[in-house]
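Listing of start.txt, compact mmCIF, C-alpha atoms
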```
# COMPACT_ATOMS: atom_id res chain seq x y z
CA MET A 1 36.81 -1.74 -34.11
CA LYS A 2 33.36 -0.23 -33.51
CA ARG A 3 30.19 -0.71 -35.51
CA THR A 4 27.33 1.72 -36.03
CA VAL A 5 24.17 -0.03 -34.83
CA GLU A 6 20.57 0.80 -33.84
CA PRO A 7 19.87 -0.93 -30.49
CA LYS A 8 16.24 -1.56 -29.59
CA VAL A 9 16.82 0.04 -26.17
CA LEU A 10 19.48 2.28 -24.63
CA TYR A 11 19.37 0.89 -21.12
CA PHE A 12 23.02 0.79 -20.11
CA GLY A 13 22.12 0.48 -16.43
CA THR A 14 19.39 2.32 -14.53
CA PRO A 15 17.85 1.75 -11.07
CA VAL A 16 14.53 -0.02 -10.76
CA VAL A 17 11.78 1.62 -8.73
CA LEU A 18 8.17 0.85 -7.89
CA ILE A 19 5.90 3.86 -8.35
CA SER A 20 2.86 4.34 -6.13
CA SER A 21 0.14 6.60 -7.54
CA LEU A 22 -3.53 7.18 -6.79
CA ASN A 23 -6.22 5.65 -9.01
CA PRO A 24 -9.49 7.58 -9.60
CA ASP A 25 -11.20 5.45 -6.92
CA GLY A 26 -8.55 6.32 -4.32
CA THR A 27 -6.77 2.96 -4.39
CA THR A 28 -3.02 2.75 -5.00
CA ASN A 29 -1.60 1.64 -8.32
CA LEU A 30 1.84 0.06 -8.04
CA ALA A 31 4.01 0.04 -11.14
CA PRO A 32 7.63 -0.95 -11.82
CA MET A 33 9.79 1.23 -14.03
CA SER A 34 13.47 1.71 -14.76
CA SER A 35 14.02 5.17 -16.15
CA ALA A 36 14.81 7.36 -13.16
CA TRP A 37 17.55 9.71 -12.03
CA TRP A 38 18.00 12.31 -9.31
CA LEU A 39 19.57 15.74 -8.91
CA GLY A 40 19.29 17.33 -5.50
CA TYR A 41 15.75 16.68 -4.26
CA THR A 42 14.33 16.41 -7.78
CA ALA A 43 13.63 13.06 -9.44
CA MET A 44 13.23 12.77 -13.20
CA LEU A 45 11.14 9.85 -14.48
CA GLY A 46 10.59 8.60 -18.01
CA MET A 47 7.40 6.73 -18.94
CA GLY A 48 5.00 5.97 -21.74
CA THR A 49 2.06 8.36 -21.90
CA SER A 50 -0.49 5.54 -22.04
CA ALA A 51 0.61 4.16 -18.65
CA GLN A 52 -1.95 4.17 -15.86
CA THR A 53 0.67 5.80 -13.64
CA VAL A 54 0.97 8.80 -15.96
CA LYS A 55 -2.82 9.11 -16.23
CA ASN A 56 -3.03 9.07 -12.43
CA LEU A 57 -0.26 11.64 -11.93
CA VAL A 58 -1.76 14.07 -14.45
CA GLU A 59 -4.87 14.27 -12.25
CA ARG A 60 -3.38 13.49 -8.82
CA PRO A 61 0.31 14.42 -8.55
CA GLU A 62 0.98 12.69 -5.24
CA ILE A 63 3.63 9.99 -5.71
CA VAL A 64 5.89 7.58 -3.84
CA LEU A 65 9.05 6.12 -5.36
CA ASN A 66 9.77 2.79 -3.68
CA LEU A 67 13.40 1.92 -4.35
CA VAL A 68 14.10 -1.76 -4.94
CA ASP A 69 16.94 -3.97 -3.70
CA PRO A 70 17.86 -7.45 -5.04
CA ASP A 71 15.75 -9.22 -2.40
CA MET A 72 12.64 -7.78 -4.04
CA VAL A 73 13.38 -8.85 -7.61
CA ALA A 74 10.99 -11.83 -7.69
CA ALA A 75 8.12 -9.69 -6.39
CA LEU A 76 8.89 -6.99 -8.92
CA ASP A 77 9.01 -9.44 -11.81
CA ARG A 78 5.61 -10.86 -10.85
CA ILE A 79 4.02 -7.53 -11.80
CA ALA A 80 6.31 -6.54 -14.70
CA LEU A 81 3.65 -7.57 -17.22
CA LEU A 82 0.60 -6.37 -15.28
CA THR A 83 -1.25 -3.13 -15.89
CA GLY A 84 -3.62 -1.08 -13.77
CA SER A 85 -5.49 0.04 -16.88
CA GLN A 86 -8.39 -1.99 -18.27
CA GLN A 87 -7.65 -0.56 -21.73
CA MET A 88 -4.37 -1.56 -23.34
CA SER A 89 -2.86 -1.54 -26.81
CA ASP A 90 -2.76 -4.62 -29.01
CA ALA A 91 1.05 -4.54 -28.76
CA LYS A 92 0.94 -4.78 -24.98
CA ARG A 93 -1.67 -7.50 -25.07
CA ALA A 94 0.47 -9.47 -27.54
CA ARG A 95 3.45 -9.20 -25.22
CA GLY A 96 1.46 -10.80 -22.40
CA TYR A 97 0.23 -7.84 -20.37
CA ARG A 98 -2.96 -8.33 -18.37
CA TYR A 99 -5.10 -6.12 -16.17
CA GLU A 100 -4.62 -6.44 -12.40
CA PRO A 101 -6.27 -3.98 -9.96
CA ASP A 102 -4.35 -5.16 -6.84
CA LYS A 103 -0.68 -5.38 -7.71
CA PHE A 104 0.41 -5.39 -4.07
CA ALA A 105 -1.30 -8.75 -3.67
CA ALA A 106 -0.04 -10.00 -7.04
CA ALA A 107 3.53 -9.11 -6.10
CA GLY A 108 3.27 -10.40 -2.54
CA LEU A 109 4.19 -6.97 -1.14
CA THR A 110 2.79 -5.15 1.89
CA ARG A 111 0.99 -1.81 1.85
CA GLU A 112 2.24 0.92 4.19
CA PRO A 113 0.62 4.34 4.68
CA SER A 114 2.66 7.28 3.43
CA GLY A 115 2.53 11.01 3.99
CA ALA A 116 2.09 11.60 0.26
CA GLY A 117 -1.28 9.86 -0.19
CA PRO A 118 -0.64 6.63 -2.10
CA ASP A 119 0.39 3.57 -0.11
CA SER A 120 4.12 2.87 -0.07
CA VAL A 121 5.82 -0.54 -0.10
CA LEU A 122 6.82 -1.79 3.35
CA GLU A 123 9.52 -4.08 1.96
CA SER A 124 11.22 -1.24 0.09
CA PRO A 125 14.40 -0.12 1.90
CA ILE A 126 13.99 3.48 0.73
CA ASN A 127 10.76 5.39 0.09
CA LEU A 128 10.73 8.82 -1.56
CA GLU A 129 7.48 10.73 -1.11
CA GLY A 130 6.45 13.86 -2.95
CA ARG A 131 4.59 15.41 -5.86
CA VAL A 132 4.94 15.59 -9.62
CA VAL A 133 5.40 19.27 -10.52
CA ALA A 134 5.84 19.06 -14.30
CA ILE A 135 5.13 16.63 -17.15
CA ASN A 136 6.71 17.18 -20.55
CA GLU A 137 6.50 15.38 -23.89
CA ILE A 138 9.81 13.95 -25.08
CA GLY A 139 10.79 12.57 -28.47
CA GLY A 140 7.96 14.26 -30.36
CA PRO A 141 4.21 13.51 -30.42
CA ASP A 142 4.64 10.13 -32.11
CA SER A 143 6.98 8.81 -29.39
CA HIS A 144 4.19 8.53 -26.80
CA LEU A 145 6.83 9.23 -24.14
CA CYS A 146 7.01 11.82 -21.39
CA SER A 147 9.30 12.99 -18.63
CA LEU A 148 7.94 13.68 -15.17
CA GLU A 149 9.63 16.02 -12.69
CA MET A 150 9.04 15.01 -9.08
CA LYS A 151 9.75 17.15 -6.03
CA VAL A 152 10.91 14.83 -3.23
CA GLU A 153 9.38 16.06 0.04
CA ARG A 154 10.15 13.20 2.45
CA VAL A 155 12.75 10.43 2.44
CA ARG A 156 12.35 7.33 4.60
CA VAL A 157 15.33 4.95 4.84
CA ARG A 158 15.77 1.60 6.59
CA GLU A 159 17.97 2.25 9.62
CA ASP A 160 20.67 -0.29 8.79
CA LEU A 161 21.44 1.59 5.56
CA LEU A 162 22.21 4.86 7.36
CA MET A 163 25.67 6.01 8.35
CA SER A 164 26.28 7.50 11.80
CA ASN A 165 25.24 10.86 10.37
CA ASP A 166 21.63 10.44 9.23
CA ARG A 167 22.32 12.78 6.31
CA TYR A 168 24.14 10.00 4.46
CA ILE A 169 23.18 6.56 3.16
CA ASP A 170 25.98 3.99 3.25
CA PRO A 171 26.95 3.32 -0.41
CA LEU A 172 28.42 -0.07 0.52
CA ARG A 173 25.24 -1.30 2.23
CA TRP A 174 22.79 0.10 -0.31
CA ASP A 175 22.79 -2.22 -3.31
CA PRO A 176 20.13 -1.09 -5.81
CA LEU A 177 18.57 -3.44 -8.30
CA ILE A 178 19.64 -2.34 -11.78
CA MET A 179 17.90 -2.89 -15.11
CA LYS A 180 20.39 -3.34 -17.92
CA PHE A 181 18.99 -4.09 -21.39
CA THR A 182 15.80 -5.61 -19.86
CA GLU A 183 17.75 -7.87 -17.46
CA TYR A 184 18.02 -7.48 -13.68
CA PHE A 185 21.48 -6.99 -12.16
CA ALA A 186 22.90 -6.44 -8.67
CA GLY A 187 26.56 -5.94 -7.88
CA GLY A 188 27.34 -6.36 -11.56
CA SER A 189 25.86 -9.88 -11.78
CA PRO A 190 22.52 -11.14 -13.16
CA THR A 191 20.00 -11.75 -10.38
CA TYR A 192 16.82 -13.12 -11.98
CA ALA A 193 15.41 -14.22 -15.33
CA SER A 194 13.29 -11.26 -16.40
CA SER A 195 9.75 -11.84 -17.69
CA LEU A 196 10.15 -8.62 -19.61
CA ALA A 197 13.20 -9.93 -21.47
CA ARG A 198 11.32 -13.10 -22.46
CA GLY A 199 8.69 -10.93 -24.14
CA TRP A 200 11.20 -8.66 -25.81
CA GLN A 201 11.14 -10.59 -29.07
CA MET A 202 7.93 -8.72 -29.84
CA PRO A 203 8.14 -5.16 -31.26
CA PRO A 204 9.59 -3.23 -28.31
CA MET A 205 7.99 -0.70 -26.05
CA PRO A 206 10.41 2.20 -25.55
CA ILE A 207 10.37 2.11 -21.73
CA PRO A 208 10.98 -1.33 -20.14
CA VAL A 209 9.95 -2.76 -16.79
CA GLY A 210 6.25 -2.21 -16.89
CA SER A 211 6.30 1.33 -18.31
CA GLY A 212 4.60 2.64 -15.19
CA ASP A 213 1.44 0.64 -15.77
```
Encoded form (structure tokens):
Amino acid sequence: MKRTVEPKVLYFGTPVVLISSLNPDGTTNLAPMSSAWWLGYTAMLGMGTSAQTVKNLVERPEIVLNLVDPDMVAALDRIALLTGSQQMSDAKRARGYRYEPDKFAAAGLTREPSGAGPDSVLESPINLEGRVVAINEIGGPDSHLCSLEMKVERVRVREDLLMSNDRYIDPLRWDPLIMKFTEYFAGGSPTYASSLARGWQMPPMPIPVGSGD
């Protein structure tokens, strides 16, 4: 038997990443998000248009995707309800978001220079550096959602994750953190009680895990 339902979110399992983008003052905004996929050397990202990350990338397309493994989940969750924007909607404020200009410090993560411009995350096992080449509205003007197309120009990988041929990453050693219906999973098992899930009783934002704020 199957039932026709209307789930609040359609997050059946997507990788979590931390996005580095450049603020107007040249500092790096760090934002978690969980709507990303790759084809070739193109990354497609889904975010809310009000996110500070999107505002940054419209003006300054340089970007770093810092891929996250299960060891980083506590750090990631510490900034899940932080935003780099001083202006936020009443809905976000009601869900517990607050402004934080230095999310590296708030997360307990270490800055690392990148070739793209924004600082990358030292603790991240895989860093993808590049530029956003297209931003498109999705879901109509009332959705306040957009897709971002990123050209990946440089890939940096922790050495222990590489196979003997540097062209390949070992799929058995690389264990990405997955967001599934606002909960964190690794290897098919829950890893951490998500702050985002605790706030999900409020009217939902369409894109979980910080929305690129």
How close does stretch 10-112 of chain A get to stretch 134-153 of chain A? List, as a tab-separated table, each residue of stretch 10-112 of chain A within 7 Å, its nearest atom pair and the distance in Å to one decimal, counting all atoms listed in the file.
```
residue	atom	partner	partner_atom	distance
A:Tyr41	CA	A:Val152	CA	5.3
A:Thr42	CA	A:Lys151	CA	5.0
A:Ala43	CA	A:Met150	CA	5.0
A:Met44	CA	A:Glu149	CA	4.9
A:Leu45	CA	A:Leu148	CA	5.0
A:Gly46	CA	A:Ser147	CA	4.6
A:Met47	CA	A:Cys146	CA	5.7
A:Gly48	CA	A:Leu145	CA	4.4
A:Thr49	CA	A:Leu145	CA	5.3
```
Residue among A:Lys92, A:Pro113, A:Pro70, A:Glu129 lying closest to A:Gly187, counting all atoms listed in the file = A:Pro70
Suppose you want the space between atom CA of A:Pro101 and atom CA of A:Asp213; what is it in Å?
->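 Taking atom CA of A:Pro101 as the start and atom CA of A:Asp213 as the end point, the length is 10.7 Å.
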For the point (-3.3, 14.5, -4.8) in the file's frame, write as a tab-separated table (two decimals) with C-alpha atoms, keeping the file's coordinate frame all residues with an atom no more than 10 Å away, counting all atoms listed in the file.
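After the write, part15.tsv holds the following:
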```
chain	number	residue	atom	x	y	z
A	21	SER	CA	0.14	6.60	-7.54
A	22	LEU	CA	-3.53	7.18	-6.79
A	26	GLY	CA	-8.55	6.32	-4.32
A	56	ASN	CA	-3.03	9.07	-12.43
A	57	LEU	CA	-0.26	11.64	-11.93
A	58	VAL	CA	-1.76	14.07	-14.45
A	59	GLU	CA	-4.87	14.27	-12.25
A	60	ARG	CA	-3.38	13.49	-8.82
A	61	PRO	CA	0.31	14.42	-8.55
A	62	GLU	CA	0.98	12.69	-5.24
A	63	ILE	CA	3.63	9.99	-5.71
A	116	ALA	CA	2.09	11.60	0.26
A	117	GLY	CA	-1.28	9.86	-0.19
A	118	PRO	CA	-0.64	6.63	-2.10
A	130	GLY	CA	6.45	13.86	-2.95
A	131	ARG	CA	4.59	15.41	-5.86
A	132	VAL	CA	4.94	15.59	-9.62
```
Shell of 7 Å around A:Leu128, all atoms listed in the file, local chain residues under 2 positions omitted, as a ChimeraX atom specification = /A:64-66,126,130,152,154-156
Spatial neighbours of A:Ala107, 6 Å, all atoms listed in the file, chain gap at least 3 places, as a count of residues only | 5
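Closest approach to A:Phe12 from the set A:Ser124, A:Thr53, A:Ser34, A:Thr27 is made by A:Ser34, with distances taken over only C-alpha atoms.
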Using all atoms listed in the file, find the one residue out of A:Leu109, A:Ala186, A:Leu162, A:Ala91 that sits nearest to A:Val16.
->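 Of A:Leu109, A:Ala186, A:Leu162, A:Ala91, the one nearest A:Val16 is A:Ala186, counting all atoms listed in the file.
Separating atom CA of A:Gly212 from atom CA of A:Ile19 is a distance of 7.1 Å.
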N, CA and C atoms restored at stretch 30-64 of chain A, emitted as a PDB file, in the frame of the given file:
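In the end it all went to out20.pdb:
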```
ATOM      1  N   LEU A  30       0.416   0.324  -8.242  1.00  0.00           N
ATOM      2  CA  LEU A  30       1.840   0.060  -8.040  1.00  0.00           C
ATOM      3  C   LEU A  30       2.431  -0.380  -9.366  1.00  0.00           C
ATOM      4  N   ALA A  31       3.476   0.314  -9.819  1.00  0.00           N
ATOM      5  CA  ALA A  31       4.010   0.040 -11.140  1.00  0.00           C
ATOM      6  C   ALA A  31       5.536   0.064 -11.137  1.00  0.00           C
ATOM      7  N   PRO A  32       6.169  -0.968 -11.701  1.00  0.00           N
ATOM      8  CA  PRO A  32       7.630  -0.950 -11.820  1.00  0.00           C
ATOM      9  C   PRO A  32       8.072  -0.149 -13.034  1.00  0.00           C
ATOM     10  N   MET A  33       9.204   0.499 -12.906  1.00  0.00           N
ATOM     11  CA  MET A  33       9.790   1.230 -14.030  1.00  0.00           C
ATOM     12  C   MET A  33      11.293   1.343 -13.794  1.00  0.00           C
ATOM     13  N   SER A  34      12.011   1.678 -14.878  1.00  0.00           N
ATOM     14  CA  SER A  34      13.470   1.710 -14.760  1.00  0.00           C
ATOM     15  C   SER A  34      14.096   2.848 -15.551  1.00  0.00           C
ATOM     16  N   SER A  35      13.445   3.987 -15.522  1.00  0.00           N
ATOM     17  CA  SER A  35      14.020   5.170 -16.150  1.00  0.00           C
ATOM     18  C   SER A  35      13.897   6.311 -15.157  1.00  0.00           C
ATOM     19  N   ALA A  36      14.866   6.375 -14.240  1.00  0.00           N
ATOM     20  CA  ALA A  36      14.810   7.360 -13.160  1.00  0.00           C
ATOM     21  C   ALA A  36      16.204   7.862 -12.831  1.00  0.00           C
ATOM     22  N   TRP A  37      16.303   9.163 -12.543  1.00  0.00           N
ATOM     23  CA  TRP A  37      17.550   9.710 -12.030  1.00  0.00           C
ATOM     24  C   TRP A  37      17.230  10.903 -11.135  1.00  0.00           C
ATOM     25  N   TRP A  38      18.212  11.300 -10.332  1.00  0.00           N
ATOM     26  CA  TRP A  38      18.000  12.310  -9.310  1.00  0.00           C
ATOM     27  C   TRP A  38      19.056  13.395  -9.390  1.00  0.00           C
ATOM     28  N   LEU A  39      18.649  14.625  -9.057  1.00  0.00           N
ATOM     29  CA  LEU A  39      19.570  15.740  -8.910  1.00  0.00           C
ATOM     30  C   LEU A  39      19.029  16.590  -7.764  1.00  0.00           C
ATOM     31  N   GLY A  40      19.803  16.679  -6.689  1.00  0.00           N
ATOM     32  CA  GLY A  40      19.290  17.330  -5.500  1.00  0.00           C
ATOM     33  C   GLY A  40      18.067  16.579  -4.991  1.00  0.00           C
ATOM     34  N   TYR A  41      16.991  17.318  -4.719  1.00  0.00           N
ATOM     35  CA  TYR A  41      15.750  16.680  -4.260  1.00  0.00           C
ATOM     36  C   TYR A  41      14.706  16.638  -5.379  1.00  0.00           C
ATOM     37  N   THR A  42      15.194  16.576  -6.611  1.00  0.00           N
ATOM     38  CA  THR A  42      14.330  16.410  -7.780  1.00  0.00           C
ATOM     39  C   THR A  42      14.599  15.058  -8.406  1.00  0.00           C
ATOM     40  N   ALA A  43      13.530  14.327  -8.711  1.00  0.00           N
ATOM     41  CA  ALA A  43      13.630  13.060  -9.440  1.00  0.00           C
ATOM     42  C   ALA A  43      13.048  13.259 -10.822  1.00  0.00           C
ATOM     43  N   MET A  44      13.722  12.736 -11.824  1.00  0.00           N
ATOM     44  CA  MET A  44      13.230  12.770 -13.200  1.00  0.00           C
ATOM     45  C   MET A  44      12.878  11.351 -13.622  1.00  0.00           C
ATOM     46  N   LEU A  45      11.670  11.171 -14.130  1.00  0.00           N
ATOM     47  CA  LEU A  45      11.140   9.850 -14.480  1.00  0.00           C
ATOM     48  C   LEU A  45      10.752   9.850 -15.950  1.00  0.00           C
ATOM     49  N   GLY A  46      11.003   8.748 -16.627  1.00  0.00           N
ATOM     50  CA  GLY A  46      10.590   8.600 -18.010  1.00  0.00           C
ATOM     51  C   GLY A  46       9.596   7.471 -18.166  1.00  0.00           C
ATOM     52  N   MET A  47       8.447   7.734 -18.806  1.00  0.00           N
ATOM     53  CA  MET A  47       7.400   6.730 -18.940  1.00  0.00           C
ATOM     54  C   MET A  47       6.637   6.905 -20.248  1.00  0.00           C
ATOM     55  N   GLY A  48       5.898   5.877 -20.615  1.00  0.00           N
ATOM     56  CA  GLY A  48       5.000   5.970 -21.740  1.00  0.00           C
ATOM     57  C   GLY A  48       3.730   6.704 -21.345  1.00  0.00           C
ATOM     58  N   THR A  49       3.216   7.531 -22.237  1.00  0.00           N
ATOM     59  CA  THR A  49       2.060   8.360 -21.900  1.00  0.00           C
ATOM     60  C   THR A  49       0.779   7.564 -21.695  1.00  0.00           C
ATOM     61  N   SER A  50       0.729   6.335 -22.196  1.00  0.00           N
ATOM     62  CA  SER A  50      -0.490   5.540 -22.040  1.00  0.00           C
ATOM     63  C   SER A  50      -0.533   4.809 -20.696  1.00  0.00           C
ATOM     64  N   ALA A  51       0.539   4.888 -19.922  1.00  0.00           N
ATOM     65  CA  ALA A  51       0.610   4.160 -18.650  1.00  0.00           C
ATOM     66  C   ALA A  51      -0.432   4.682 -17.666  1.00  0.00           C
ATOM     67  N   GLN A  52      -0.995   3.773 -16.886  1.00  0.00           N
ATOM     68  CA  GLN A  52      -1.950   4.170 -15.860  1.00  0.00           C
ATOM     69  C   GLN A  52      -1.308   5.116 -14.860  1.00  0.00           C
ATOM     70  N   THR A  53      -0.033   4.919 -14.563  1.00  0.00           N
ATOM     71  CA  THR A  53       0.670   5.800 -13.640  1.00  0.00           C
ATOM     72  C   THR A  53       0.657   7.242 -14.134  1.00  0.00           C
ATOM     73  N   VAL A  54       0.955   7.444 -15.403  1.00  0.00           N
ATOM     74  CA  VAL A  54       0.970   8.800 -15.960  1.00  0.00           C
ATOM     75  C   VAL A  54      -0.438   9.396 -15.913  1.00  0.00           C
ATOM     76  N   LYS A  55      -1.439   8.620 -16.292  1.00  0.00           N
ATOM     77  CA  LYS A  55      -2.820   9.110 -16.230  1.00  0.00           C
ATOM     78  C   LYS A  55      -3.174   9.533 -14.803  1.00  0.00           C
ATOM     79  N   ASN A  56      -2.760   8.726 -13.825  1.00  0.00           N
ATOM     80  CA  ASN A  56      -3.030   9.070 -12.430  1.00  0.00           C
ATOM     81  C   ASN A  56      -2.334  10.366 -12.032  1.00  0.00           C
ATOM     82  N   LEU A  57      -1.052  10.500 -12.401  1.00  0.00           N
ATOM     83  CA  LEU A  57      -0.260  11.640 -11.930  1.00  0.00           C
ATOM     84  C   LEU A  57      -0.662  12.943 -12.618  1.00  0.00           C
ATOM     85  N   VAL A  58      -1.236  12.862 -13.805  1.00  0.00           N
ATOM     86  CA  VAL A  58      -1.760  14.070 -14.450  1.00  0.00           C
ATOM     87  C   VAL A  58      -2.876  14.670 -13.595  1.00  0.00           C
ATOM     88  N   GLU A  59      -3.710  13.816 -13.037  1.00  0.00           N
ATOM     89  CA  GLU A  59      -4.870  14.270 -12.250  1.00  0.00           C
ATOM     90  C   GLU A  59      -4.558  14.401 -10.766  1.00  0.00           C
ATOM     91  N   ARG A  60      -3.697  13.523 -10.255  1.00  0.00           N
ATOM     92  CA  ARG A  60      -3.380  13.490  -8.820  1.00  0.00           C
ATOM     93  C   ARG A  60      -1.865  13.350  -8.692  1.00  0.00           C
ATOM     94  N   PRO A  61      -1.151  14.432  -8.456  1.00  0.00           N
ATOM     95  CA  PRO A  61       0.310  14.420  -8.550  1.00  0.00           C
ATOM     96  C   PRO A  61       1.046  13.758  -7.391  1.00  0.00           C
ATOM     97  N   GLU A  62       0.319  13.314  -6.371  1.00  0.00           N
ATOM     98  CA  GLU A  62       0.980  12.690  -5.240  1.00  0.00           C
ATOM     99  C   GLU A  62       1.632  11.377  -5.669  1.00  0.00           C
ATOM    100  N   ILE A  63       2.855  11.128  -5.216  1.00  0.00           N
ATOM    101  CA  ILE A  63       3.630   9.990  -5.710  1.00  0.00           C
ATOM    102  C   ILE A  63       4.582   9.491  -4.636  1.00  0.00           C
ATOM    103  N   VAL A  64       4.838   8.184  -4.657  1.00  0.00           N
ATOM    104  CA  VAL A  64       5.890   7.580  -3.840  1.00  0.00           C
ATOM    105  C   VAL A  64       6.777   6.750  -4.761  1.00  0.00           C
TER     106      VAL A  64
END
```
